[in-house]
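First the structure, in the form of structure tokens, and then the observations on it.
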Amino acid sequence: MQLATWNLNSLRVRLPHLLDWLAEQSDSVVGLQELKMADEEFPFEALRDAGWQAVTNGQKTYNGVALLARRPLEDVQRDIPGFDDPQKRVIAGTVDDLRVVSVYVPNGQSVDSQKYHYKLDWLQRFAAYLAEEAERHPRLAVVGDFNVAPLPEDTHDPEAWEGHILCSGPEREALRGAMEAAGLSDAFERVPTPEQRYTWWDYRAAGFRRNLGLRIDHVLLSAPLSERVESWRVDLEPRRLERPSDHAPVAVTLA
DNA sequence: ATGGCATTATGCTAATGA
């Protein structure tokens, strides 16, 4: 089976891309981010017709996350319990014996901005939540847009990005701390380094054509799942289409 | 250092993203 994640940057605009991409995916659980759409508008019917169940935590204009699966999604949890946050960034569900979380971590705007501190606080809350989820669910997968490039080589220009938003020390430490607290490891690190590792490219300055990308979308796995990783890939085809999302889908296959 | 491009909305300018 396969675990995947895709920040769509508007489900309304990207629904045709999503349906085309889903048609090529076999047994999968897919996390989506940046739906920018309220749950009442979510295209449940189009997805059901395509063979996918969906659970959503939507929001108008900003944020919004979902989980898709070909099999029933149960025990659905929206948001981080006990954290009063109006931004819809988390949804969790269970498919068979697999617990999956779809997350859209705050962007942070710029280092030391108000949004940056919100991001760091948010990651602390998320870490505590993941630690609890990991205790409850030995087979835990956390997929999404983490808005953190973990390593210098996860950017096209490590010197230029060093210390900037998505790459600052506190952000990287917060992500690593969350992973350690929950016993999660990056599926990317379980496979030989692929030729293409970036998952996001700036719309501006022909970022995709020049491959000026970042690796900020991740599939994190608890130990029992980590051992089952067979491959990690980023699908570039949707990024080449007209009016693409600025993110490409990432998929990890498990034995 | 800035903007570059895209999406959305108490819309034609401003906020946000990464």
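Identifiers in the structure tokens: chain A, B, ... in order shown; residue index from 1 per chain; ligand index from 1 in order shown.
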* Asked: Which neighbours of segment 140-155 of chain A fall inside 9 Å, counting only C-alpha atoms (C1' of nucleotides), when residues of the same chain fewer than 3 positions from it are skipped, and could you give them as a ChimeraX atom specification?
  -> /A:3-7,30-33,92,98-108,130,133-134,137,158-159,161-162,165-168,171-173,175-176,184,197-198,212-225,247 /B:18
* May I have the residues within 12 Å of DG17 of chain B as an MDAnalysis selection string, using only C-alpha atoms (C1' of nucleotides) and disregarding those fewer than 6 positions away in the same chain? => (chainID A and resid 7 9:10 34 61:63 106:110 115 147 165 200 202:204 245:247) or (chainID B and resid 5:8)
Atoms kept (N, CA and C atoms (P, O5', C5', C4', C3', O3' and C1' of nucleotides)) for selection, written as a short mmCIF file (atom, residue, chain, number, x, y, z; two decimals), in the first residue's frame:
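Generated file (selection.cif):
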data_model
loop_
_atom_site.label_atom_id
_atom_site.label_comp_id
_atom_site.auth_asym_id
_atom_site.auth_seq_id
_atom_site.Cartn_x
_atom_site.Cartn_y
_atom_site.Cartn_z
N ASN A 7 -0.21 19.17 -1.02
CA ASN A 7 -0.77 20.49 -0.75
C ASN A 7 -1.31 21.00 -2.08
N ASN A 9 -3.17 23.83 -2.71
CA ASN A 9 -3.32 25.28 -2.88
C ASN A 9 -4.61 25.60 -3.63
N SER A 10 -5.72 25.23 -3.01
CA SER A 10 -7.09 25.40 -3.51
C SER A 10 -7.60 24.13 -4.19
N GLU A 34 -4.24 22.66 2.39
CA GLU A 34 -4.63 23.94 1.75
C GLU A 34 -5.80 23.76 0.80
N THR A 61 -11.20 30.05 2.48
CA THR A 61 -10.07 30.94 2.12
C THR A 61 -8.69 30.40 2.46
N TYR A 62 -8.51 29.96 3.72
CA TYR A 62 -7.18 29.54 4.16
C TYR A 62 -7.21 28.12 4.71
N ASN A 63 -6.04 27.48 4.70
CA ASN A 63 -5.84 26.21 5.40
C ASN A 63 -6.82 25.14 4.89
N PRO A 106 1.93 25.73 10.08
CA PRO A 106 1.97 27.14 9.72
C PRO A 106 3.24 27.49 8.95
N ASN A 107 3.12 28.46 8.06
CA ASN A 107 4.23 28.89 7.22
C ASN A 107 5.28 29.69 8.00
N GLY A 108 4.84 30.62 8.82
CA GLY A 108 5.78 31.39 9.63
C GLY A 108 6.20 32.73 9.05
N GLN A 109 5.90 32.94 7.77
CA GLN A 109 6.13 34.23 7.08
C GLN A 109 7.60 34.66 7.06
N SER A 110 8.14 35.09 8.19
CA SER A 110 9.56 35.45 8.24
C SER A 110 10.04 35.25 9.67
N LYS A 115 3.91 35.56 13.16
CA LYS A 115 3.52 34.27 12.60
C LYS A 115 4.60 33.20 12.84
N ASN A 147 6.23 22.70 6.14
CA ASN A 147 6.83 24.02 6.02
C ASN A 147 8.18 24.11 6.71
N ILE A 165 13.24 31.71 6.71
CA ILE A 165 12.02 30.99 7.04
C ILE A 165 12.01 29.64 6.30
N TRP A 200 8.26 21.39 -3.46
CA TRP A 200 7.65 22.72 -3.68
C TRP A 200 8.59 23.59 -4.50
N ASP A 202 8.66 27.74 -6.11
CA ASP A 202 8.02 29.05 -6.14
C ASP A 202 7.38 29.29 -7.52
N TYR A 203 6.15 29.82 -7.49
CA TYR A 203 5.50 30.19 -8.75
C TYR A 203 6.31 31.28 -9.48
N ARG A 204 6.99 32.10 -8.69
CA ARG A 204 7.66 33.27 -9.25
C ARG A 204 9.03 32.89 -9.82
N SER A 245 -0.71 23.35 -8.68
CA SER A 245 -0.36 23.70 -7.31
C SER A 245 1.14 24.00 -7.28
N ASP A 246 1.59 24.79 -6.32
CA ASP A 246 3.05 24.99 -6.22
C ASP A 246 3.74 23.80 -5.55
N HIS A 247 2.96 22.87 -4.97
CA HIS A 247 3.51 21.64 -4.41
C HIS A 247 3.23 20.46 -5.35
P DC B 5 5.88 37.33 -12.31
"O5'" DC B 5 5.01 36.15 -11.70
"C5'" DC B 5 5.47 34.81 -11.73
"C4'" DC B 5 4.49 33.96 -10.95
"C3'" DC B 5 3.04 34.09 -11.42
"O3'" DC B 5 2.56 32.75 -11.55
"C1'" DC B 5 3.18 34.46 -9.09
P DA B 6 1.20 32.39 -12.28
"O5'" DA B 6 0.25 32.08 -11.06
"C5'" DA B 6 0.47 30.94 -10.26
"C4'" DA B 6 -0.43 30.99 -9.06
"C3'" DA B 6 -1.92 31.21 -9.35
"O3'" DA B 6 -2.60 30.04 -8.94
"C1'" DA B 6 -1.17 32.54 -7.52
P DT B 7 -4.16 29.87 -9.22
"O5'" DT B 7 -4.82 30.33 -7.86
"C5'" DT B 7 -4.62 29.55 -6.69
"C4'" DT B 7 -5.29 30.24 -5.53
"C3'" DT B 7 -6.74 30.64 -5.78
"O3'" DT B 7 -7.57 29.87 -4.93
"C1'" DT B 7 -5.50 32.40 -4.73
P DT B 8 -9.17 29.99 -5.07
"O5'" DT B 8 -9.52 31.11 -4.00
"C5'" DT B 8 -9.15 30.92 -2.64
"C4'" DT B 8 -9.42 32.20 -1.86
"C3'" DT B 8 -10.82 32.76 -2.08
"O3'" DT B 8 -11.54 32.67 -0.86
"C1'" DT B 8 -9.13 34.46 -2.21
#
* **Point-to-point distance in Å for atom CA of Pro194 of chain A and atom CA of Asp235 of chain A** => 12.1 Å
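The gap separating atom CA of Leu35 of chain A from atom CA of Arg190 of chain A is 29.4 Å, in Å to one decimal.
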* To do: Compile the contact shell of Val234 of chain A as an MDAnalysis selection string: residues with an atom at most 7 Å away, counting only C-alpha atoms (C1' of nucleotides), same-chain residues fewer than 2 positions apart removed.
  => chainID A and resid 199 236 248:251
* Residue nearest chain B - candidates A:Trp201, A:Tyr129, A:Trp122, A:Trp21, atoms counted: only C-alpha atoms (C1' of nucleotides) -> A:Trp201
* To do: Extract the full set of strand (DSSP E) residues from segment 22-230 of chain A according to DSSP on the backbone, and format it as a PyMOL selection string.
  => chain A and resi 28-33+53-57+65-69+74-78+90-95+98-104+140-145+184-186+200-201+213-214+217-222+229-230
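When atom CA of Ala205 of chain A is paired with atom CA of Leu241 of chain A, their separation reads 17.1 Å.
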* To do: Could you give me the residues within segment 86-147 of chain A that DSSP places in alpha helix (DSSP H), as a list in words?
  => Gln114, Lys115, Tyr116, His117, Tyr118, Lys119, Leu120, Asp121, Trp122, Leu123, Gln124, Arg125, Phe126, Ala127, Ala128, Tyr129, Leu130, Ala131, Glu132, Glu133, Ala134, Glu135 and Arg136 of chain A
Env of Val95 of chain A: 9 Å cut, atoms = only C-alpha atoms (C1' of nucleotides), seq-sep filter 4 positions within chain, self excluded. Answer as an mmCIF file with N, CA, C and O atoms, in the first residue's frame.
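File produced: selection-v6.cif:
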data_model
loop_
_atom_site.group_PDB
_atom_site.id
_atom_site.type_symbol
_atom_site.label_atom_id
_atom_site.label_comp_id
_atom_site.auth_asym_id
_atom_site.auth_seq_id
_atom_site.Cartn_x
_atom_site.Cartn_y
_atom_site.Cartn_z
ATOM 1 N N VAL A 29 -3.632 5.809 1.257
ATOM 2 C CA VAL A 29 -4.215 6.835 2.108
ATOM 3 C C VAL A 29 -3.514 8.133 1.717
ATOM 4 O O VAL A 29 -2.287 8.187 1.674
ATOM 5 N N ALA A 69 -9.130 7.817 1.232
ATOM 6 C CA ALA A 69 -8.712 6.413 1.216
ATOM 7 C C ALA A 69 -9.710 5.609 0.406
ATOM 8 O O ALA A 69 -10.874 5.991 0.290
ATOM 9 N N ARG A 71 -10.451 2.651 1.330
ATOM 10 C CA ARG A 71 -11.159 1.865 2.350
ATOM 11 C C ARG A 71 -11.679 2.803 3.435
ATOM 12 O O ARG A 71 -11.244 3.954 3.525
ATOM 13 N N PRO A 72 -12.594 2.341 4.290
ATOM 14 C CA PRO A 72 -13.232 3.235 5.273
ATOM 15 C C PRO A 72 -12.243 3.907 6.216
ATOM 16 O O PRO A 72 -11.302 3.279 6.702
ATOM 17 N N LEU A 73 -12.482 5.184 6.459
ATOM 18 C CA LEU A 73 -11.701 5.983 7.415
ATOM 19 C C LEU A 73 -12.519 6.093 8.700
ATOM 20 O O LEU A 73 -13.639 6.606 8.681
ATOM 21 N N GLU A 74 -11.933 5.626 9.793
ATOM 22 C CA GLU A 74 -12.671 5.588 11.053
ATOM 23 C C GLU A 74 -11.948 6.360 12.155
ATOM 24 O O GLU A 74 -10.802 6.762 11.974
ATOM 25 N N ASP A 75 -12.676 6.515 13.299
ATOM 26 C CA ASP A 75 -12.074 7.156 14.477
ATOM 27 C C ASP A 75 -11.472 8.514 14.103
ATOM 28 O O ASP A 75 -10.334 8.825 14.459
ATOM 29 N N ARG A 99 -2.971 4.345 11.614
ATOM 30 C CA ARG A 99 -3.412 5.683 12.015
ATOM 31 C C ARG A 99 -2.681 6.700 11.151
ATOM 32 O O ARG A 99 -1.454 6.671 11.066
ATOM 33 N N VAL A 100 -3.426 7.595 10.509
ATOM 34 C CA VAL A 100 -2.807 8.573 9.610
ATOM 35 C C VAL A 100 -3.252 9.976 10.003
ATOM 36 O O VAL A 100 -4.436 10.231 10.224
#
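With distances taken over only C-alpha atoms (C1' of nucleotides), A:Leu8 is the one residue among A:Leu8, A:Val229, A:Leu18, A:Ala131 lying closest to chain B.
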